[in-house]
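The file query_22.cif contains mmCIF, C-alpha atoms and all ligand atoms:
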data_upload
#
loop_
_atom_site.label_atom_id
_atom_site.label_comp_id
_atom_site.auth_asym_id
_atom_site.auth_seq_id
_atom_site.Cartn_x
_atom_site.Cartn_y
_atom_site.Cartn_z
CA MET A 3 3.86 -3.45 -21.36
CA ASN A 4 3.09 -5.57 -18.31
CA LEU A 5 6.02 -5.99 -15.91
CA ILE A 6 6.62 -7.89 -12.68
CA LEU A 7 9.30 -6.86 -10.17
CA LEU A 8 10.44 -9.74 -7.99
CA GLY A 9 12.82 -9.51 -5.05
CA ALA A 10 13.21 -9.94 -1.31
CA PRO A 11 11.80 -7.36 1.12
CA GLY A 12 13.99 -4.29 0.83
CA ALA A 13 15.55 -5.33 -2.49
CA GLY A 14 14.30 -2.10 -4.03
CA LYS A 15 11.16 -3.17 -5.91
CA GLY A 16 9.15 -0.11 -4.81
CA THR A 17 12.03 2.28 -5.47
CA GLN A 18 12.57 0.93 -9.00
CA ALA A 19 8.84 0.71 -9.75
CA GLU A 20 8.61 4.46 -9.07
CA VAL A 21 11.48 5.06 -11.53
CA ILE A 22 9.89 2.90 -14.26
CA GLU A 23 6.53 4.63 -13.73
CA ARG A 24 8.19 8.03 -14.18
CA GLU A 25 10.33 7.02 -17.18
CA ILE A 26 8.01 4.67 -19.09
CA GLY A 27 4.63 6.07 -18.03
CA ILE A 28 2.88 2.92 -16.81
CA PRO A 29 1.48 2.76 -13.26
CA GLN A 30 3.10 1.02 -10.29
CA ILE A 31 0.75 -1.41 -8.61
CA SER A 32 2.03 -2.26 -5.14
CA THR A 33 -0.17 -4.77 -3.32
CA GLY A 34 1.77 -3.85 -0.16
CA ASN A 35 0.76 -0.17 -0.51
CA ILE A 36 -2.86 -1.06 -1.31
CA LEU A 37 -3.00 -3.30 1.78
CA LYS A 38 -1.36 -0.65 3.98
CA ALA A 39 -3.96 1.91 2.85
CA ALA A 40 -6.73 -0.61 3.67
CA VAL A 41 -5.26 -1.12 7.16
CA LYS A 42 -5.01 2.64 7.71
CA ASN A 43 -8.64 3.14 6.66
CA ALA A 44 -9.79 0.11 8.71
CA THR A 45 -11.68 -1.38 5.74
CA PRO A 46 -12.87 -5.03 6.03
CA ILE A 47 -9.85 -6.14 3.93
CA GLY A 48 -7.53 -4.04 6.08
CA LEU A 49 -8.88 -5.57 9.29
CA LYS A 50 -8.35 -9.05 7.83
CA ALA A 51 -4.83 -8.29 6.54
CA LYS A 52 -3.37 -6.41 9.53
CA SER A 53 -2.28 -9.31 11.75
CA PHE A 54 -0.61 -11.13 8.82
CA MET A 55 1.30 -8.02 7.80
CA ASP A 56 2.36 -7.09 11.35
CA SER A 57 3.92 -10.52 11.86
CA GLY A 58 5.70 -10.57 8.48
CA ALA A 59 3.43 -13.30 7.06
CA LEU A 60 1.74 -13.19 3.66
CA VAL A 61 -1.90 -12.11 3.43
CA PRO A 62 -4.04 -15.05 2.13
CA ASP A 63 -3.93 -15.53 -1.64
CA ASP A 64 -7.70 -15.10 -2.19
CA VAL A 65 -7.65 -11.64 -0.55
CA VAL A 66 -4.67 -10.37 -2.55
CA ILE A 67 -5.82 -11.88 -5.84
CA GLY A 68 -9.18 -10.10 -5.45
CA ILE A 69 -7.45 -6.76 -4.81
CA LEU A 70 -5.17 -7.18 -7.82
CA LYS A 71 -7.98 -8.16 -10.16
CA GLU A 72 -9.94 -5.01 -9.27
CA ARG A 73 -6.90 -2.76 -9.57
CA ILE A 74 -5.75 -3.90 -13.03
CA ALA A 75 -9.29 -3.40 -14.36
CA GLU A 76 -8.94 0.36 -13.76
CA PRO A 77 -8.52 2.61 -16.84
CA ASP A 78 -4.94 3.71 -16.06
CA CYS A 79 -3.79 0.09 -16.56
CA LYS A 80 -5.00 -0.22 -20.12
CA ASN A 81 -1.52 0.42 -21.62
CA GLY A 82 0.30 -1.72 -19.08
CA PHE A 83 1.43 -1.78 -15.45
CA ILE A 84 4.27 -2.65 -13.09
CA LEU A 85 3.43 -5.26 -10.48
CA ASP A 86 5.45 -4.57 -7.32
CA GLY A 87 4.93 -7.29 -4.69
CA PHE A 88 2.57 -9.47 -6.74
CA PRO A 89 2.64 -12.38 -7.40
CA ARG A 90 4.27 -13.62 -4.20
CA THR A 91 3.25 -17.29 -4.43
CA ILE A 92 2.85 -19.80 -7.25
CA PRO A 93 -0.98 -19.80 -6.83
CA GLN A 94 -0.95 -15.98 -7.27
CA ALA A 95 1.08 -16.35 -10.49
CA GLU A 96 -1.35 -18.99 -11.72
CA ALA A 97 -4.29 -16.71 -10.86
CA LEU A 98 -2.70 -13.97 -12.98
CA GLU A 99 -2.53 -16.37 -15.93
CA ALA A 100 -6.14 -17.43 -15.33
CA MET A 101 -7.15 -13.73 -15.57
CA GLY A 102 -5.70 -13.77 -19.10
CA VAL A 103 -2.93 -11.31 -18.25
CA THR A 104 0.15 -11.55 -20.49
CA ILE A 105 3.37 -10.70 -18.69
CA ASP A 106 6.11 -9.26 -20.94
CA LYS A 107 9.04 -9.20 -18.51
CA VAL A 108 9.85 -10.31 -14.99
CA ILE A 109 12.78 -8.52 -13.35
CA SER A 110 14.24 -10.12 -10.24
CA ILE A 111 16.25 -7.62 -8.17
CA GLU A 112 18.78 -9.57 -6.13
CA VAL A 113 20.47 -8.20 -3.00
CA ALA A 114 22.43 -10.07 -0.29
CA ASP A 115 20.57 -10.63 3.00
CA GLU A 116 23.12 -8.66 5.02
CA LYS A 117 22.42 -5.49 2.99
CA ILE A 118 18.67 -5.80 3.44
CA GLU A 119 18.77 -4.92 7.13
CA ALA A 120 20.64 -1.64 6.56
CA ARG A 121 18.21 -0.71 3.82
CA LEU A 122 15.10 -1.41 5.86
CA SER A 123 16.35 0.22 9.06
CA GLY A 124 16.88 3.51 7.18
CA ARG A 125 13.72 3.32 5.10
CA ARG A 126 11.08 6.01 5.48
CA ALA A 127 7.68 5.75 3.81
CA CYS A 128 5.07 8.41 3.04
CA THR A 129 1.84 7.79 4.96
CA GLN A 130 -0.16 9.53 2.21
CA CYS A 131 1.16 8.27 -1.15
CA GLY A 132 3.44 5.35 -0.15
CA ALA A 133 6.60 6.81 -1.77
CA THR A 134 9.80 5.33 -0.36
CA TYR A 135 13.00 7.07 0.84
CA HIS A 136 16.15 6.17 2.74
CA THR A 137 17.82 8.39 5.31
CA VAL A 138 21.24 7.85 3.69
CA PHE A 139 20.81 6.26 0.24
CA ASN A 140 17.77 8.19 -1.03
CA PRO A 141 16.93 11.07 1.32
CA PRO A 142 13.95 13.40 0.73
CA LYS A 143 14.68 17.08 0.01
CA THR A 144 13.26 18.05 3.43
CA GLU A 145 13.70 15.60 6.31
CA GLY A 146 10.46 13.85 7.25
CA VAL A 147 8.46 15.29 4.32
CA CYS A 148 7.53 13.51 1.07
CA ASP A 149 8.96 15.17 -2.08
CA LYS A 150 5.99 13.98 -4.13
CA CYS A 151 2.96 14.96 -2.02
CA GLY A 152 4.23 16.73 1.12
CA GLY A 153 2.93 13.92 3.36
CA PRO A 154 4.71 12.87 6.57
CA LEU A 155 7.41 10.16 6.36
CA VAL A 156 7.42 7.36 8.95
CA ILE A 157 9.23 4.12 9.80
CA ARG A 158 7.07 1.15 8.71
CA ASP A 159 5.78 -1.13 11.50
CA ASP A 160 7.08 -4.21 9.64
CA ASP A 161 10.64 -2.84 9.42
CA LYS A 162 11.45 -3.95 13.00
CA PRO A 163 14.50 -6.33 12.87
CA GLU A 164 12.58 -9.43 14.07
CA THR A 165 9.79 -8.88 11.53
CA VAL A 166 12.33 -8.32 8.74
CA LYS A 167 13.89 -11.72 9.58
CA GLU A 168 10.50 -13.40 9.26
CA ARG A 169 9.71 -11.59 5.98
CA LEU A 170 13.00 -12.83 4.54
CA ARG A 171 12.22 -16.41 5.65
CA VAL A 172 8.75 -16.22 4.05
CA TYR A 173 10.26 -14.75 0.87
CA LYS A 174 12.66 -17.69 0.50
CA GLU A 175 9.96 -20.28 1.17
CA LYS A 176 7.00 -18.85 -0.75
CA THR A 177 8.20 -16.25 -3.27
CA ALA A 178 11.68 -17.33 -4.44
CA PRO A 179 10.19 -20.36 -6.32
CA LEU A 180 8.67 -17.80 -8.73
CA ILE A 181 12.18 -17.15 -10.08
CA ASP A 182 12.28 -20.66 -11.59
CA PHE A 183 8.59 -20.44 -12.54
CA TYR A 184 9.24 -17.39 -14.77
CA LYS A 185 12.68 -18.60 -15.91
CA GLY A 186 10.92 -21.68 -17.27
CA LYS A 187 8.63 -19.41 -19.27
CA GLY A 188 11.61 -17.46 -20.71
CA LYS A 189 10.46 -14.18 -19.08
CA LEU A 190 13.04 -13.71 -16.34
CA SER A 191 15.85 -11.12 -16.20
CA VAL A 192 18.06 -10.77 -13.14
CA VAL A 193 19.36 -7.37 -12.00
CA ILE A 194 21.90 -7.30 -9.19
CA GLY A 195 20.90 -4.49 -6.80
CA GLN A 196 23.73 -1.93 -6.69
CA GLU A 197 25.00 0.26 -3.81
CA GLU A 198 23.53 3.36 -5.45
CA VAL A 199 19.83 3.60 -6.32
CA ALA A 200 20.68 5.34 -9.64
CA ASP A 201 23.00 2.50 -10.69
CA THR A 202 20.26 -0.09 -10.12
CA SER A 203 17.79 2.13 -12.01
CA LYS A 204 20.12 2.25 -15.02
CA LEU A 205 20.27 -1.57 -15.16
CA VAL A 206 16.52 -1.92 -14.62
CA LEU A 207 15.64 0.61 -17.35
CA GLU A 208 18.06 -1.08 -19.79
CA THR A 209 16.27 -4.36 -19.11
CA VAL A 210 12.81 -2.84 -19.54
CA ARG A 211 13.80 -1.17 -22.84
CA ALA A 212 15.73 -4.17 -24.26
P1 LIG A 301 5.40 -4.86 0.62
O1 LIG A 301 5.15 -3.44 0.97
O2 LIG A 301 5.30 -5.29 -0.79
O3 LIG A 301 6.78 -5.26 1.26
P2 LIG A 301 8.01 -6.12 0.67
O4 LIG A 301 7.84 -6.95 -0.51
O5 LIG A 301 8.51 -6.79 1.88
O6 LIG A 301 8.87 -5.10 0.03
P3 LIG A 301 9.38 -3.82 0.64
O7 LIG A 301 8.42 -2.71 0.39
O8 LIG A 301 9.81 -4.03 2.07
O9 LIG A 301 10.74 -3.63 -0.16
P4 LIG A 301 11.05 -3.14 -1.62
O10 LIG A 301 11.70 -4.26 -2.37
O11 LIG A 301 9.90 -2.44 -2.25
O12 LIG A 301 12.20 -2.13 -1.27
P5 LIG A 301 12.22 -0.53 -1.28
O13 LIG A 301 12.20 -0.02 -2.68
O14 LIG A 301 11.23 0.01 -0.31
O15 LIG A 301 4.40 -5.80 1.44
C1 LIG A 301 4.15 -5.59 2.83
C2 LIG A 301 3.32 -6.76 3.36
O16 LIG A 301 2.05 -6.81 2.66
C3 LIG A 301 3.92 -8.14 3.17
O17 LIG A 301 4.81 -8.48 4.19
C4 LIG A 301 2.65 -9.02 3.15
O18 LIG A 301 2.17 -9.25 4.46
C5 LIG A 301 1.63 -8.15 2.44
N1 LIG A 301 1.56 -8.41 0.98
C6 LIG A 301 1.88 -7.55 -0.02
N2 LIG A 301 1.72 -8.11 -1.21
C7 LIG A 301 1.28 -9.39 -0.98
C8 LIG A 301 0.96 -10.48 -1.81
N3 LIG A 301 1.05 -10.39 -3.15
N4 LIG A 301 0.56 -11.64 -1.22
C9 LIG A 301 0.46 -11.76 0.11
N5 LIG A 301 0.77 -10.76 0.97
C10 LIG A 301 1.17 -9.58 0.43
O19 LIG A 301 13.71 -0.31 -0.72
C11 LIG A 301 14.04 -0.56 0.63
C12 LIG A 301 14.93 0.57 1.17
O20 LIG A 301 16.21 0.51 0.55
C13 LIG A 301 14.38 1.97 0.90
O21 LIG A 301 14.64 2.78 2.01
C14 LIG A 301 15.16 2.44 -0.34
O22 LIG A 301 15.29 3.86 -0.37
C15 LIG A 301 16.49 1.73 -0.15
N6 LIG A 301 17.10 1.33 -1.41
C16 LIG A 301 16.48 0.87 -2.52
N7 LIG A 301 17.37 0.61 -3.49
C17 LIG A 301 18.60 0.87 -2.97
C18 LIG A 301 19.94 0.79 -3.47
N8 LIG A 301 20.22 0.37 -4.71
N9 LIG A 301 20.94 1.13 -2.63
C19 LIG A 301 20.69 1.55 -1.39
N10 LIG A 301 19.44 1.66 -0.86
C20 LIG A 301 18.42 1.34 -1.63
#
What would you get if you wrote out this structure as structure tokens?
Amino acid sequence: MNLILLGAPGAGKGTQAEVIEREIGIPQISTGNILKAAVKNATPIGLKAKSFMDSGALVPDDVVIGILKERIAEPDCKNGFILDGFPRTIPQAEALEAMGVTIDKVISIEVADEKIEARLSGRRACTQCGATYHTVFNPPKTEGVCDKCGGPLVIRDDDKPETVKERLRVYKEKTAPLIDFYKGKGKLSVVIGQEEVADTSKLVLETVRA
């Protein structure tokens, strides 16, 4: 099964992708996490992507499409995958089609703008494996330490309030049109993001299994 999770920054795509990966057994592919690892390791792609990411802009389509194409060719994707943060533009969605990838379901997680800020200000991310936590809504067992791999948890550079504002603006301009794009193809399901992570997970898993 090939899935796409759509949603604004902080809507909970990464959090729900981790749940689907655990429950359904297909890998989460987060272009954001792949890019962050490239920045950390100062690879040529990372050096190119850094300034876009720091300012809340999108990384150019050709860079991200290349990354995605390589990643879905890996053996762990042969039974399906969850795309978290890709596609983010119509040209990226068209590139996916041109690769011959069939998408089974697109789940758009919708959360009001005013809730996004609280979510992102409390978010903590693992520097080693990219797992996501929240100081209040989804705390790790030990403060500052990843439950999954024991790595250190940090505040993301792009979670500063002014960068969050820009990411939301870019989402509305460039990514939100994908909702109609996939609705037109009969693939879209909308899940309203709930106050509790577990309540959103229940709705997301029902949609995946329907
Ligand atoms: P990326 O890492 O993908 O960032 P994003 O899309 O902005 O999404 P986030 O990771 O911020 O949010 P999320 O929806 O995953 O929410 P999360 O689950 O963490 O991309 C980073 C950058 O890379 C982009 O800005 C861009 O520059 C570049 N990039 C990546 N892909 C690209 C592409 N395809 N094309 C071009 N550029 C690209 O949840 C947020 C917080 O809320 C967490 O703390 C979580 O614990 C908490 N939370 C989650 N659910 C709930 C709930 N139900 N109730 C309460 N709290 C909750």
Env of region 148-152 of chain A: 9 Å cut, atoms = only C-alpha atoms, seq-sep filter 5 positions within chain, self excluded. Answer as a list in words. Ala127, Cys128, Thr129, Gln130, Cys131, Ala133, Thr134, Tyr135, Pro142 and Lys143 of chain A
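Minimum atom-to-atom distance to ligand LIG 301 (chain A), evaluated using all atoms listed in the file, belongs to A:Lys176 out of A:Arg24, A:Lys80, A:Lys107, A:Lys176.
Contact shell of region 37-48 of chain A at 10 Å (only C-alpha atoms; same-chain neighbours under 5 positions omitted): Ser32, Ser53, Met55, Val61, Val65, Val66, Ile69, Thr129, Gln130, Cys131, Gly132 and Arg158 of chain A.
Minimum atom-to-atom distance to Leu98 (chain A), evaluated using only C-alpha atoms, belongs to A:Asn4 out of A:Asn4, A:Asn140, A:Thr177, A:Thr165.
Using only C-alpha atoms, the shortest contact distance between Ile67 (chain A) and any of A:Val193, A:Ile22, A:Cys79, A:Ala97 is found at A:Ala97.
Remark: for ligand LIG 301 (chain A), the closest of the candidate residues A:Ala75, A:Val103, A:Leu49, A:Ile157 is A:Ile157 (distances computed over all atoms listed in the file).
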Quick one: distance from CA of Val113 (chain A) to CA of Leu170 (chain A) in Å, one decimal? 11.6 Å
Within 8 Å of (-0.8, 0.2, -18.8), in the coordinates the file gives, what residues turn up when you count all atoms listed in the file, written out as a CSV table (one decimal) with C-alpha atoms, in the frame of the given file?
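What ended up in result.csv:
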chain,number,residue,atom,x,y,z
A,3,MET,CA,3.9,-3.4,-21.4
A,4,ASN,CA,3.1,-5.6,-18.3
A,28,ILE,CA,2.9,2.9,-16.8
A,29,PRO,CA,1.5,2.8,-13.3
A,78,ASP,CA,-4.9,3.7,-16.1
A,79,CYS,CA,-3.8,0.1,-16.6
A,80,LYS,CA,-5.0,-0.2,-20.1
A,81,ASN,CA,-1.5,0.4,-21.6
A,82,GLY,CA,0.3,-1.7,-19.1
A,83,PHE,CA,1.4,-1.8,-15.4
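A straight line drawn from CA of Ala10 (chain A) to CA of Val147 (chain A) is 26.3 Å long.
Counting all atoms listed in the file and comparing A:Val138, A:Ala13, A:Ala95, A:Leu70, the residue that lies closest to Lys117 (chain A) is A:Ala13.
For the atom pair formed by CA of Arg125 (chain A) and CA of Asn35 (chain A), the distance is 14.5 Å, given to one decimal.
Residues of protein, DNA or RNA having at least one counted atom within 6 Å of (14.0, -14.7, -11.4), given all atoms listed in the file, are Ser110, Ile181, Leu190 and Val192 of chain A.
Among the candidates A:Glu168, A:Glu116, A:Glu198, A:Glu96, the one nearest to ligand LIG 301 (chain A) when counting only C-alpha atoms and all ligand atoms is A:Glu198.
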Please, what is the axis-aligned box for every listed atom of region 163-166 of chain A with 4 Å on each side, as centre and edge lengths in Å to one decimal, as JSON?
{"center_x": 12.1, "center_y": -7.9, "center_z": 11.4, "size_x": 12.7, "size_y": 11.1, "size_z": 13.3}
